[in-house]
file run-v3.cif (mmCIF, C-alpha atoms)
data_model
#
loop_
_atom_site.group_PDB
_atom_site.id
_atom_site.type_symbol
_atom_site.label_atom_id
_atom_site.label_comp_id
_atom_site.auth_asym_id
_atom_site.auth_seq_id
_atom_site.Cartn_x
_atom_site.Cartn_y
_atom_site.Cartn_z
ATOM 1 C CA MET C 1 9.470 117.957 73.299
ATOM 2 C CA LEU C 2 6.808 116.402 75.516
ATOM 3 C CA TRP C 3 4.702 115.615 72.473
ATOM 4 C CA LEU C 4 7.584 113.707 70.862
ATOM 5 C CA PHE C 5 8.250 111.816 74.085
ATOM 6 C CA PHE C 6 4.570 110.901 74.360
ATOM 7 C CA GLY C 7 4.572 109.789 70.719
ATOM 8 C CA TRP C 8 7.617 107.639 71.370
ATOM 9 C CA LEU C 9 5.906 106.010 74.357
ATOM 10 C CA VAL C 10 2.687 105.147 72.535
ATOM 11 C CA ARG C 11 4.124 104.266 69.155
ATOM 12 C CA PRO C 12 3.349 100.832 67.816
ATOM 13 C CA ALA C 13 5.837 98.064 68.422
ATOM 14 C CA LEU C 14 8.633 97.905 65.915
ATOM 15 C CA VAL C 15 6.835 95.892 63.286
ATOM 16 C CA HIS C 16 8.322 95.145 59.939
ATOM 17 C CA ASN C 17 6.145 95.318 56.836
ATOM 18 C CA LEU C 18 3.794 97.934 58.296
ATOM 19 C CA TRP C 19 1.923 99.630 55.449
ATOM 20 C CA THR C 20 -0.221 102.732 55.354
ATOM 21 C CA VAL C 21 -2.704 102.709 52.487
ATOM 22 C CA ILE C 22 -3.620 106.140 51.170
ATOM 23 C CA PRO C 23 -6.572 106.098 48.765
ATOM 24 C CA GLY C 24 -6.088 108.416 45.817
ATOM 25 C CA ARG C 25 -9.188 109.953 44.269
ATOM 26 C CA GLY C 26 -9.740 112.531 41.567
ATOM 27 C CA ASP C 27 -6.719 114.729 40.947
ATOM 28 C CA GLY C 28 -5.028 113.437 44.116
ATOM 29 C CA ASP C 29 -5.223 116.800 45.863
ATOM 30 C CA SER C 30 -4.761 115.332 49.357
ATOM 31 C CA LEU C 31 -1.972 112.862 48.545
ATOM 32 C CA GLU C 32 0.982 115.171 49.067
ATOM 33 C CA ALA C 33 -0.331 116.470 52.395
ATOM 34 C CA ALA C 34 -0.881 112.926 53.702
ATOM 35 C CA LEU C 35 2.608 111.858 52.619
ATOM 36 C CA ARG C 36 4.194 114.958 54.151
ATOM 37 C CA GLN C 37 2.572 114.032 57.472
ATOM 38 C CA LEU C 38 3.991 110.513 57.230
ATOM 39 C CA ALA C 39 7.389 111.949 56.292
ATOM 40 C CA TRP C 40 7.294 114.072 59.444
ATOM 41 C CA LEU C 41 6.507 110.979 61.520
ATOM 42 C CA ARG C 42 9.393 109.128 59.849
ATOM 43 C CA ARG C 43 11.823 111.940 60.637
ATOM 44 C CA ALA C 44 10.636 111.934 64.251
ATOM 45 C CA GLY C 45 11.184 108.173 64.428
ATOM 46 C CA LEU C 46 7.510 107.469 65.101
ATOM 47 C CA PHE C 47 6.780 105.631 61.843
ATOM 48 C CA ARG C 48 9.117 103.193 60.161
ATOM 49 C CA GLY C 49 6.714 101.619 57.707
ATOM 50 C CA GLU C 50 5.964 102.330 54.104
ATOM 51 C CA ALA C 51 3.043 103.883 52.285
ATOM 52 C CA VAL C 52 1.114 102.764 49.264
ATOM 53 C CA ILE C 53 -0.999 105.095 47.175
ATOM 54 C CA TRP C 54 -4.017 103.066 46.106
ATOM 55 C CA ASP C 55 -5.783 104.183 42.959
ATOM 56 C CA ALA C 56 -9.362 104.539 44.178
ATOM 57 C CA GLY C 57 -10.489 106.571 41.191
ATOM 58 C CA LEU C 58 -7.572 108.792 40.202
ATOM 59 C CA THR C 59 -7.749 110.839 37.029
ATOM 60 C CA PRO C 60 -4.785 110.662 34.629
ATOM 61 C CA GLU C 61 -3.428 113.827 36.292
ATOM 62 C CA GLY C 62 -3.891 112.225 39.697
ATOM 63 C CA ARG C 63 -1.983 109.108 38.588
ATOM 64 C CA GLU C 64 0.839 111.281 37.313
ATOM 65 C CA LEU C 65 1.002 113.091 40.669
ATOM 66 C CA ALA C 66 0.990 109.759 42.550
ATOM 67 C CA LEU C 67 3.893 108.466 40.458
ATOM 68 C CA HIS C 68 5.788 111.714 40.988
ATOM 69 C CA LEU C 69 5.315 111.419 44.763
ATOM 70 C CA ALA C 70 6.448 107.778 44.705
ATOM 71 C CA LEU C 71 9.622 108.876 42.945
ATOM 72 C CA ARG C 72 10.206 111.634 45.516
ATOM 73 C CA TRP C 73 10.037 109.316 48.543
ATOM 74 C CA SER C 74 11.602 105.852 48.334
ATOM 75 C CA TRP C 75 9.192 104.483 50.959
ATOM 76 C CA VAL C 76 6.124 105.271 48.821
ATOM 77 C CA THR C 77 4.769 103.017 46.075
ATOM 78 C CA CYS C 78 1.658 103.018 43.893
ATOM 79 C CA CYS C 79 -0.966 100.307 43.543
ATOM 80 C CA PRO C 80 -3.269 100.126 40.515
ATOM 81 C CA ARG C 81 -7.021 100.169 40.861
ATOM 82 C CA GLY C 82 -8.529 96.764 41.653
ATOM 83 C CA ALA C 83 -5.247 95.160 42.747
ATOM 84 C CA LEU C 84 -4.948 96.171 46.405
ATOM 85 C CA GLU C 85 -5.673 92.752 47.923
ATOM 86 C CA GLU C 86 -3.247 91.014 45.567
ATOM 87 C CA TRP C 87 -0.626 93.720 46.009
ATOM 88 C CA LEU C 88 -0.715 93.605 49.830
ATOM 89 C CA GLY C 89 -0.532 89.806 49.780
ATOM 90 C CA ARG C 90 3.042 89.881 48.437
#

call {"tool": "encode", "arguments": {"input": "run-v3.cif", "output": "structure tokens"}}
result
Amino acid sequence: MLWLFFGWLVRPALVHNLWTVIPGRGDGDSLEAALRQLAWLRRAGLFRGEAVIWDAGLTPEGRELALHLALRWSWVTCCPRGALEEWLGR
């Protein structure tokens, strides 16, 4: 309980359009774990932003996993390789 209270005290100001960029590499083995951590923070009310999975060298299997994860959580999207700057500028 103290940890949640501390997290609430030091959380960033309520900023709209806050994005977390998660680089996806290889088969995307670490993507689900990273998104589960963000999901926990969202449930605790400590993170209200969205996440983007950036293709930083995903294999076809890794891209499929990234798309599956984006379908699972509405606050997750995917960004193709080489388009991060353009995509974040929207």

call {"tool": "resolve_selection", "arguments": {"input": "run-v3.cif", "expression": "the PyMOL selection byres ((chain C and resi 64) around 12)", "output": "NGL selection string"}}
result
:C and (24 or 26-29 or 31 or 53 or 55 or 58-63 or 65-71 or 78)

call {"tool": "closest_residue", "arguments": {"input": "run-v3.cif", "among": "C:Val76, C:Leu18, C:Leu84, C:Ala44", "to": "Glu32 of chain C", "atoms": "only C-alpha atoms"}}
result
C:Val76

call {"tool": "closest_residue", "arguments": {"input": "run-v3.cif", "among": "C:Ser74, C:Arg81, C:Trp19, C:Glu86", "to": "Trp54 of chain C", "atoms": "all atoms listed in the file"}}
result
C:Arg81

call {"tool": "axis_aligned_box", "arguments": {"input": "run-v3.cif", "around": "segment 19-25 of chain C", "padding_each_side": "4 Å", "output": "lines of an AutoDock Vina configuration file"}}
result
center_x = -3.6
center_y = 104.8
center_z = 49.9
size_x = 19.1
size_y = 18.3
size_z = 19.2

call {"tool": "residues_near_point", "arguments": {"input": "run-v3.cif", "point": "(11.5, 105.2, 55.2)", "cutoff": "9 Å", "atoms": "all atoms listed in the file", "output": "MDAnalysis selection string"}}
result
chainID C and resid 39 42:43 47:50 73:76

call {"tool": "atom_distance", "arguments": {"input": "run-v3.cif", "atom1": "atom CA of Arg36 of chain C", "atom2": "atom CA of Ala51 of chain C"}}
result
11.3 Å

call {"tool": "atom_distance", "arguments": {"input": "run-v3.cif", "atom1": "atom CA of Ala56 of chain C", "atom2": "atom CA of Cys79 of chain C"}}
result
9.4 Å

call {"tool": "atom_distance", "arguments": {"input": "run-v3.cif", "atom1": "atom CA of Thr20 of chain C", "atom2": "atom CA of Val52 of chain C"}}
result
6.2 Å

call {"tool": "closest_residue", "arguments": {"input": "run-v3.cif", "among": "C:Leu35, C:Ser30, C:Leu41, C:Leu2", "to": "Thr77 of chain C", "atoms": "all atoms listed in the file"}}
result
C:Leu35

call {"tool": "closest_residue", "arguments": {"input": "run-v3.cif", "among": "C:Glu85, C:Ala33, C:Gly45, C:Pro80", "to": "Gly57 of chain C", "atoms": "only C-alpha atoms"}}
result
C:Pro80
